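Just structure-v2.cif here, mmCIF, C-alpha atoms and all ligand atoms:
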```cif
data_upload
#
loop_
_atom_site.label_atom_id
_atom_site.label_comp_id
_atom_site.auth_asym_id
_atom_site.auth_seq_id
_atom_site.Cartn_x
_atom_site.Cartn_y
_atom_site.Cartn_z
CA LYS V 268 -10.46 9.82 15.06
CA GLY V 269 -13.82 8.38 13.98
CA LYS V 270 -12.76 8.36 10.32
CA VAL V 271 -13.07 5.35 8.03
CA ALA V 272 -10.14 3.92 6.06
CA LEU V 273 -9.73 1.31 3.35
CA VAL V 274 -6.32 -0.38 3.50
CA THR V 275 -5.26 -2.72 0.69
CA GLY V 276 -2.47 -5.24 1.13
CA ALA V 277 -3.58 -5.49 4.74
CA SER V 278 -2.95 -9.21 5.23
CA SER V 279 0.76 -8.70 5.95
CA GLY V 280 3.67 -6.29 6.22
CA ILE V 281 3.12 -2.56 5.74
CA GLY V 282 -0.65 -2.79 5.21
CA ALA V 283 -1.27 -4.87 8.35
CA ALA V 284 0.97 -2.67 10.51
CA THR V 285 -0.63 0.51 9.16
CA ALA V 286 -4.15 -0.83 9.74
CA LYS V 287 -3.23 -1.45 13.39
CA LYS V 288 -1.74 2.03 13.77
CA LEU V 289 -4.84 3.60 12.22
CA ALA V 290 -7.13 1.58 14.50
CA GLU V 291 -5.07 2.66 17.51
CA ALA V 292 -5.63 6.26 16.37
CA GLY V 293 -9.40 5.67 16.40
CA VAL V 294 -9.89 5.07 12.68
CA LYS V 295 -12.37 2.36 11.59
CA VAL V 296 -10.48 0.18 9.15
CA GLY V 297 -11.58 -1.91 6.21
CA ILE V 298 -8.71 -4.34 5.77
CA ALA V 299 -8.48 -5.79 2.28
CA ALA V 300 -6.44 -8.53 0.61
CA ARG V 301 -6.96 -12.03 -0.81
CA ARG V 302 -5.99 -14.12 2.24
CA SER V 303 -9.16 -13.93 4.30
CA ASP V 304 -7.77 -16.06 7.17
CA ARG V 305 -5.03 -13.48 7.74
CA LEU V 306 -7.56 -10.65 7.54
CA GLN V 307 -9.88 -12.33 10.05
CA ALA V 308 -7.00 -12.80 12.50
CA LEU V 309 -5.98 -9.15 12.12
CA ALA V 310 -9.58 -7.95 12.50
CA ASP V 311 -9.87 -10.02 15.71
CA GLU V 312 -6.62 -8.53 17.00
CA ILE V 313 -7.76 -4.97 16.26
CA ARG V 314 -11.16 -5.56 17.91
CA ALA V 315 -9.51 -7.17 20.98
CA ALA V 316 -7.47 -3.97 21.34
CA GLY V 317 -10.65 -1.88 21.26
CA GLY V 318 -10.62 -0.86 17.60
CA GLU V 319 -13.10 -1.38 14.77
CA ALA V 320 -12.20 -3.48 11.73
CA LEU V 321 -13.94 -5.10 8.80
CA SER V 322 -12.22 -7.83 6.83
CA ILE V 323 -12.71 -7.44 3.06
CA GLU V 324 -11.56 -10.29 0.85
CA MET V 325 -10.73 -8.80 -2.54
CA ASP V 326 -8.25 -9.06 -5.37
CA VAL V 327 -7.18 -5.54 -6.37
CA THR V 328 -6.66 -6.64 -9.97
CA ASN V 329 -10.42 -7.18 -10.30
CA PRO V 330 -12.26 -3.83 -10.51
CA VAL V 331 -15.62 -5.49 -9.85
CA ALA V 332 -14.30 -7.08 -6.65
CA VAL V 333 -12.80 -3.75 -5.53
CA THR V 334 -16.08 -1.90 -6.11
CA ARG V 335 -17.91 -4.65 -4.21
CA GLY V 336 -15.34 -4.39 -1.38
CA VAL V 337 -15.85 -0.64 -1.10
CA GLY V 338 -19.60 -1.33 -1.05
CA THR V 339 -19.28 -3.60 1.99
CA LEU V 340 -17.15 -0.94 3.71
CA LEU V 341 -19.84 1.68 3.08
CA GLU V 342 -22.57 -0.68 4.32
CA ARG V 343 -20.69 -1.29 7.54
CA PHE V 344 -19.20 2.11 8.36
CA GLY V 345 -21.35 4.45 6.27
CA THR V 346 -18.56 6.32 4.51
CA VAL V 347 -14.91 6.34 3.56
CA ASP V 348 -12.41 9.10 4.37
CA ILE V 349 -8.98 7.54 3.88
CA VAL V 350 -7.68 5.16 1.23
CA PHE V 351 -4.34 3.40 1.50
CA ALA V 352 -3.66 1.80 -1.91
CA ASN V 353 -0.75 -0.33 -0.81
CA ALA V 354 -1.01 -3.87 -2.23
CA GLY V 355 2.02 -4.82 -4.29
CA LEU V 356 4.58 -7.46 -5.15
CA MET V 357 8.21 -7.56 -6.24
CA PRO V 358 9.32 -10.79 -7.94
CA ALA V 359 12.83 -9.60 -8.86
CA SER V 360 14.61 -10.98 -11.93
CA ASP V 361 16.70 -9.75 -14.84
CA ILE V 362 14.74 -8.52 -17.83
CA THR V 363 16.74 -10.98 -19.97
CA SER V 364 15.15 -13.82 -17.96
CA LEU V 365 11.89 -12.88 -19.69
CA LYS V 366 9.65 -13.78 -16.77
CA VAL V 367 6.87 -12.09 -18.68
CA ASP V 368 4.11 -13.57 -16.50
CA GLU V 369 5.69 -11.93 -13.45
CA TRP V 370 5.95 -8.61 -15.30
CA HIS V 371 2.26 -8.76 -16.08
CA ARG V 372 1.38 -9.66 -12.48
CA MET V 373 3.35 -6.63 -11.23
CA VAL V 374 1.59 -4.36 -13.70
CA ASP V 375 -1.78 -5.82 -12.70
CA VAL V 376 -1.28 -5.51 -8.94
CA ASN V 377 1.16 -2.62 -8.49
CA ILE V 378 -0.31 -0.30 -11.13
CA LYS V 379 -3.80 -1.41 -12.08
CA GLY V 380 -4.55 -2.41 -8.47
CA VAL V 381 -3.87 1.18 -7.41
CA PHE V 382 -6.00 2.51 -10.29
CA ASN V 383 -8.88 0.15 -9.40
CA THR V 384 -8.72 1.10 -5.72
CA VAL V 385 -8.60 4.84 -6.36
CA ALA V 386 -11.34 4.63 -9.00
CA ALA V 387 -13.67 2.83 -6.58
CA VAL V 388 -13.45 5.53 -3.89
CA LEU V 389 -12.67 8.74 -5.76
CA PRO V 390 -16.28 9.63 -6.68
CA ILE V 391 -17.23 9.33 -2.99
CA LEU V 392 -14.38 11.59 -1.85
CA CYS V 393 -15.03 14.13 -4.64
CA GLU V 394 -18.70 14.26 -3.74
CA ARG V 395 -17.87 14.85 -0.08
CA LYS V 396 -15.06 17.32 -0.91
CA ALA V 397 -12.86 15.65 1.69
CA GLY V 398 -10.48 12.75 1.98
CA HIS V 399 -6.91 11.51 1.90
CA ILE V 400 -5.46 9.02 -0.57
CA VAL V 401 -2.15 7.37 0.32
CA THR V 402 -0.29 5.23 -2.21
CA THR V 403 2.74 3.00 -1.80
CA SER V 404 5.39 3.68 -4.40
CA SER V 405 9.01 3.03 -3.38
CA ILE V 406 12.60 4.18 -3.56
CA ALA V 407 12.21 2.11 -6.75
CA GLY V 408 9.78 4.81 -7.89
CA ARG V 409 12.61 7.39 -7.79
CA LYS V 410 15.56 5.34 -9.02
CA THR V 411 16.22 2.11 -10.91
CA PHE V 412 17.96 -1.07 -9.82
CA PRO V 413 19.18 -4.12 -11.80
CA GLY V 414 16.78 -7.01 -11.25
CA LEU V 415 13.95 -4.62 -10.51
CA GLY V 416 13.35 -3.12 -13.96
CA VAL V 417 9.65 -3.90 -14.18
CA TYR V 418 9.07 -3.32 -10.46
CA CYS V 419 10.75 0.11 -10.80
CA ALA V 420 8.56 0.85 -13.84
CA THR V 421 5.42 0.06 -11.83
CA LYS V 422 6.52 2.17 -8.87
CA HIS V 423 7.47 5.12 -11.12
CA ALA V 424 3.95 4.80 -12.54
CA VAL V 425 2.42 4.94 -9.06
CA ALA V 426 4.48 8.07 -8.24
CA ALA V 427 3.43 9.78 -11.50
CA PHE V 428 -0.22 8.87 -11.01
CA SER V 429 -0.23 10.01 -7.38
CA ASP V 430 1.37 13.39 -8.07
CA THR V 431 -0.98 14.12 -10.96
CA LEU V 432 -3.94 13.08 -8.84
CA ARG V 433 -2.73 15.43 -6.09
CA MET V 434 -2.67 18.35 -8.51
CA GLU V 435 -6.11 17.55 -9.88
CA VAL V 436 -8.01 16.94 -6.65
CA GLY V 437 -6.28 19.09 -4.03
CA LYS V 438 -7.75 22.50 -4.75
CA LYS V 439 -10.81 21.34 -6.65
CA HIS V 440 -12.02 18.63 -4.26
CA ASN V 441 -10.11 19.24 -1.02
CA ILE V 442 -8.55 15.77 -1.21
CA ARG V 443 -4.97 15.22 -0.12
CA VAL V 444 -2.69 12.68 -1.81
CA THR V 445 0.43 11.24 -0.21
CA CYS V 446 2.83 8.96 -2.08
CA LEU V 447 5.03 6.81 0.17
CA GLN V 448 8.50 5.95 -1.08
CA PRO V 449 10.07 3.57 1.41
CA GLY V 450 13.48 1.93 1.33
CA ALA V 451 13.92 -1.61 2.64
CA VAL V 452 11.13 -2.63 5.01
CA GLU V 453 10.81 -5.95 6.86
CA SER V 454 7.81 -7.74 5.37
CA GLU V 455 6.95 -10.76 3.25
CA LEU V 456 7.82 -8.94 0.01
CA PHE V 457 11.06 -10.84 -0.62
CA GLU V 458 9.28 -14.20 -0.25
CA HIS V 459 7.81 -13.83 -3.73
CA VAL V 460 11.19 -13.55 -5.46
CA SER V 461 11.36 -16.63 -7.70
CA ASP V 462 14.86 -16.01 -9.11
CA PRO V 463 17.23 -17.87 -6.75
CA GLY V 464 20.12 -15.41 -7.28
CA TYR V 465 18.06 -12.34 -6.42
CA ARG V 466 16.29 -14.23 -3.62
CA ALA V 467 19.68 -14.95 -1.98
CA GLN V 468 20.86 -11.38 -2.62
CA MET V 469 17.77 -9.91 -0.99
CA GLU V 470 17.81 -12.26 1.96
CA GLY V 471 21.51 -11.36 2.38
CA LEU V 472 20.61 -7.69 2.72
CA LYS V 473 18.92 -8.47 6.03
CA GLU V 474 22.29 -9.51 7.45
CA GLN V 475 23.96 -6.36 6.15
CA MET V 476 21.68 -3.74 7.60
CA THR V 477 18.71 -3.03 9.83
CA PHE V 478 15.55 -2.69 7.78
CA LEU V 479 12.68 -0.37 8.58
CA LYS V 480 9.83 -2.05 10.45
CA SER V 481 6.41 -2.11 8.80
CA GLU V 482 5.25 -0.15 11.87
CA ASP V 483 7.60 2.71 10.90
CA ILE V 484 5.63 3.11 7.69
CA GLY V 485 2.37 2.93 9.66
CA ASP V 486 3.63 5.80 11.85
CA ALA V 487 4.48 7.82 8.71
CA VAL V 488 0.98 7.31 7.34
CA VAL V 489 -0.62 8.44 10.61
CA TYR V 490 1.71 11.47 10.61
CA ALA V 491 0.66 12.44 7.08
CA LEU V 492 -3.02 12.03 7.93
CA GLN V 493 -2.71 14.11 11.08
CA ALA V 494 -1.03 17.06 9.34
CA PRO V 495 -3.09 20.27 9.40
CA ALA V 496 -5.72 20.39 6.64
CA HIS V 497 -3.72 22.90 4.55
CA VAL V 498 -0.62 20.64 4.55
CA ASP V 499 -0.28 17.83 2.02
CA LEU V 500 2.77 15.62 2.57
CA ALA V 501 2.88 14.88 -1.14
CA GLU V 502 5.80 12.46 -1.03
CA MET V 503 7.38 10.66 1.91
CA PHE V 504 10.82 9.16 1.20
CA ILE V 505 11.55 7.00 4.22
CA MET V 506 14.85 5.17 4.48
CA PRO V 507 16.55 2.89 6.97
CA THR V 508 19.46 4.88 8.40
CA ALA V 509 21.88 2.19 7.22
CA GLN V 510 20.67 1.87 3.62
CA PRO V 511 23.58 3.00 1.44
CA TRP V 512 21.94 3.20 -2.00
O1 LIG Q 1 4.85 -6.77 1.34
P1 LIG Q 1 3.96 -8.01 1.77
P2 LIG Q 1 4.92 -5.24 1.87
N1 LIG Q 1 -4.98 -8.35 -4.48
O2 LIG Q 1 4.31 -9.08 0.79
C1 LIG Q 1 -1.27 -7.97 -0.99
C2 LIG Q 1 5.78 -1.73 -1.18
N2 LIG Q 1 7.16 -1.58 -0.73
O3 LIG Q 1 4.09 -5.01 3.04
O4 LIG Q 1 -3.67 -10.83 -1.28
C3 LIG Q 1 -5.01 -7.89 -3.23
O5 LIG Q 1 4.13 -8.31 3.22
C4 LIG Q 1 -0.92 -9.17 -0.13
O6 LIG Q 1 -2.12 -9.81 0.31
P3 LIG Q 1 -2.70 -11.22 -0.22
C5 LIG Q 1 5.42 -2.95 -1.98
O7 LIG Q 1 5.79 -2.83 -3.33
C6 LIG Q 1 7.73 -2.48 0.08
O8 LIG Q 1 6.36 -4.88 1.92
O9 LIG Q 1 -3.38 -11.79 0.98
N3 LIG Q 1 -3.94 -7.83 -2.43
C7 LIG Q 1 -0.23 -8.50 1.04
O10 LIG Q 1 -1.18 -8.08 1.99
C8 LIG Q 1 3.92 -2.98 -1.80
O11 LIG Q 1 3.28 -2.13 -2.72
C9 LIG Q 1 9.06 -2.33 0.45
O12 LIG Q 1 -1.55 -12.03 -0.71
C10 LIG Q 1 -2.78 -8.28 -2.92
C11 LIG Q 1 0.41 -7.27 0.41
O13 LIG Q 1 -0.16 -7.10 -0.89
C12 LIG Q 1 3.73 -2.42 -0.38
O14 LIG Q 1 4.97 -1.83 -0.02
C13 LIG Q 1 9.78 -1.25 0.01
C14 LIG Q 1 -2.66 -8.79 -4.21
C15 LIG Q 1 1.91 -7.43 0.27
O15 LIG Q 1 2.47 -7.50 1.54
C16 LIG Q 1 3.38 -3.46 0.66
O16 LIG Q 1 4.31 -4.52 0.59
C17 LIG Q 1 9.16 -0.34 -0.81
C18 LIG Q 1 -3.83 -8.81 -5.01
N4 LIG Q 1 -3.82 -9.29 -6.27
C19 LIG Q 1 7.85 -0.49 -1.18
N5 LIG Q 1 -1.37 -9.17 -4.42
C20 LIG Q 1 9.76 -3.33 1.31
N6 LIG Q 1 9.05 -4.24 1.97
O17 LIG Q 1 10.99 -3.29 1.42
C21 LIG Q 1 -0.72 -8.90 -3.27
O18 LIG Q 1 9.88 0.70 -1.24
N7 LIG Q 1 -1.54 -8.36 -2.36
#
```

Rewrite the coordinates I just gave you, this time as structure tokens.
Amino acid sequence: KGKVALVTGASSGIGAATAKKLAEAGVKVGIAARRSDRLQALADEIRAAGGEALSIEMDVTNPVAVTRGVGTLLERFGTVDIVFANAGLMPASDITSLKVDEWHRMVDVNIKGVFNTVAAVLPILCERKAGHIVTTSSIAGRKTFPGLGVYCATKHAVAAFSDTLRMEVGKKHNIRVTCLQPGAVESELFEHVSDPGYRAQMEGLKEQMTFLKSEDIGDAVVYALQAPAHVDLAEMFIMPTAQPW
């Protein structure tokens, strides 16, 4: 309560739901993404419910924009305590399709976006010797799946980065790091699949099983944040009950 969070990927899905859960728990949220109309609507919704929110239009692939975004958060709320580096995309396709532009976009957003976000806030948290960084990896950061080769590579990278960060900053700077590894979650993620075969396959999954709700991930984040100070939920592997792989 009374803490300040930066949430990336907050214009839809997991980020938006988590921002609302944090605001309900009394956290002041900086909600960041590129679609400012979505962010404005979410900020209005959070304020109407009695929370505090600041909409921050920023592209996580641009380190200058991320640093500027963190600056506006600091101007408005004075500090930052929690960072949820969550923005990501998953345009599934076979590696043999050579959709190299999509590979690069995933590397830029899923990996470098996390690096840029963490880099912009880490000096502040280290200086204060307090804070909690939450990243969104995936079940695809633990295993591999055909059609998701590059996505899996990016999510393995996020898991490796997060765990190393945890080891480096936990004792030395009193900063906790939690890496989320969700299974299938209802969101707009599948809408960016350009390969028609994988698009159909992923849409078909929704008929085969009940996905997690984005709110379920928001609850998990709040749970990790509320753990006693000596407890770091380093990894959270959260699956729909019905997911068989
Ligand atoms: O997807 P979606 P999720 N700069 O599409 C933002 C991971 N995950 O909530 O910029 C800044 O609803 C985009 O905002 P906008 C997944 O890999 C998911 O499911 O306005 N922001 C939007 O807010 C990802 O890391 C599942 O377009 C950028 C958000 O990212 C995270 O969960 C399973 C951006 C995407 O929201 C959230 O994805 C799993 C940029 N350049 C992991 N590019 C799942 N859904 O099943 C995109 O294991 N965004």

Inset, instruction - Measure the distance from atom CA of Ile505 of chain V to atom CA of Glu324 of chain V in Å and round it to one decimal. - result: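 Spanning atom CA of Ile505 of chain V to atom CA of Glu324 of chain V is a straight-line distance of 29.1 Å.
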
Legend entry - For atom CA of Ala496 of chain V and atom CA of Val444 of chain V, the interatomic separation in Å (one decimal):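 According to the coordinates, atom CA of Ala496 of chain V and atom CA of Val444 of chain V are separated by 11.8 Å.
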
Legend entry - Near-Glu482 of chain V list (12 Å; only C-alpha atoms; drop same-chain fewer than 3 positions) as a list in words: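 The contact residues come out as Ser279, Gly280, Ile281, Gly282, Ala283, Ala284, Thr285, Ala286, Lys287, Lys288, Leu289, Val452, Glu453, Ser454, Phe478, Leu479, Gly485, Asp486, Ala487, Val488 and Val489 of chain V.
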
Legend entry - Selection within 6 Å of ligand LIG 1 (chain Q) by all atoms listed in the file, output as a PyMOL selection string: chain V and resi 276-282+300-302+325-328+353-356+376+403-406+448-456

Keeping C-alpha atoms for every residue in the selection just given, could you write it to a file as a PDB file, in the coordinates of the input?
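Result file selection.pdb:
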```pdb
ATOM      1  CA  GLY V 276      -2.470  -5.240   1.130  1.00  0.00           C
ATOM      2  CA  ALA V 277      -3.580  -5.490   4.740  1.00  0.00           C
ATOM      3  CA  SER V 278      -2.950  -9.210   5.230  1.00  0.00           C
ATOM      4  CA  SER V 279       0.760  -8.700   5.950  1.00  0.00           C
ATOM      5  CA  GLY V 280       3.670  -6.290   6.220  1.00  0.00           C
ATOM      6  CA  ILE V 281       3.120  -2.560   5.740  1.00  0.00           C
ATOM      7  CA  GLY V 282      -0.650  -2.790   5.210  1.00  0.00           C
ATOM      8  CA  ALA V 300      -6.440  -8.530   0.610  1.00  0.00           C
ATOM      9  CA  ARG V 301      -6.960 -12.030  -0.810  1.00  0.00           C
ATOM     10  CA  ARG V 302      -5.990 -14.120   2.240  1.00  0.00           C
ATOM     11  CA  MET V 325     -10.730  -8.800  -2.540  1.00  0.00           C
ATOM     12  CA  ASP V 326      -8.250  -9.060  -5.370  1.00  0.00           C
ATOM     13  CA  VAL V 327      -7.180  -5.540  -6.370  1.00  0.00           C
ATOM     14  CA  THR V 328      -6.660  -6.640  -9.970  1.00  0.00           C
ATOM     15  CA  ASN V 353      -0.750  -0.330  -0.810  1.00  0.00           C
ATOM     16  CA  ALA V 354      -1.010  -3.870  -2.230  1.00  0.00           C
ATOM     17  CA  GLY V 355       2.020  -4.820  -4.290  1.00  0.00           C
ATOM     18  CA  LEU V 356       4.580  -7.460  -5.150  1.00  0.00           C
ATOM     19  CA  VAL V 376      -1.280  -5.510  -8.940  1.00  0.00           C
ATOM     20  CA  THR V 403       2.740   3.000  -1.800  1.00  0.00           C
ATOM     21  CA  SER V 404       5.390   3.680  -4.400  1.00  0.00           C
ATOM     22  CA  SER V 405       9.010   3.030  -3.380  1.00  0.00           C
ATOM     23  CA  ILE V 406      12.600   4.180  -3.560  1.00  0.00           C
ATOM     24  CA  GLN V 448       8.500   5.950  -1.080  1.00  0.00           C
ATOM     25  CA  PRO V 449      10.070   3.570   1.410  1.00  0.00           C
ATOM     26  CA  GLY V 450      13.480   1.930   1.330  1.00  0.00           C
ATOM     27  CA  ALA V 451      13.920  -1.610   2.640  1.00  0.00           C
ATOM     28  CA  VAL V 452      11.130  -2.630   5.010  1.00  0.00           C
ATOM     29  CA  GLU V 453      10.810  -5.950   6.860  1.00  0.00           C
ATOM     30  CA  SER V 454       7.810  -7.740   5.370  1.00  0.00           C
ATOM     31  CA  GLU V 455       6.950 -10.760   3.250  1.00  0.00           C
ATOM     32  CA  LEU V 456       7.820  -8.940   0.010  1.00  0.00           C
TER      33      LEU V 456
END
```

Legend entry - Computed interatomic separation between atom CA of Gln475 of chain V and atom CA of Ser461 of chain V (Å): 21.4 Å
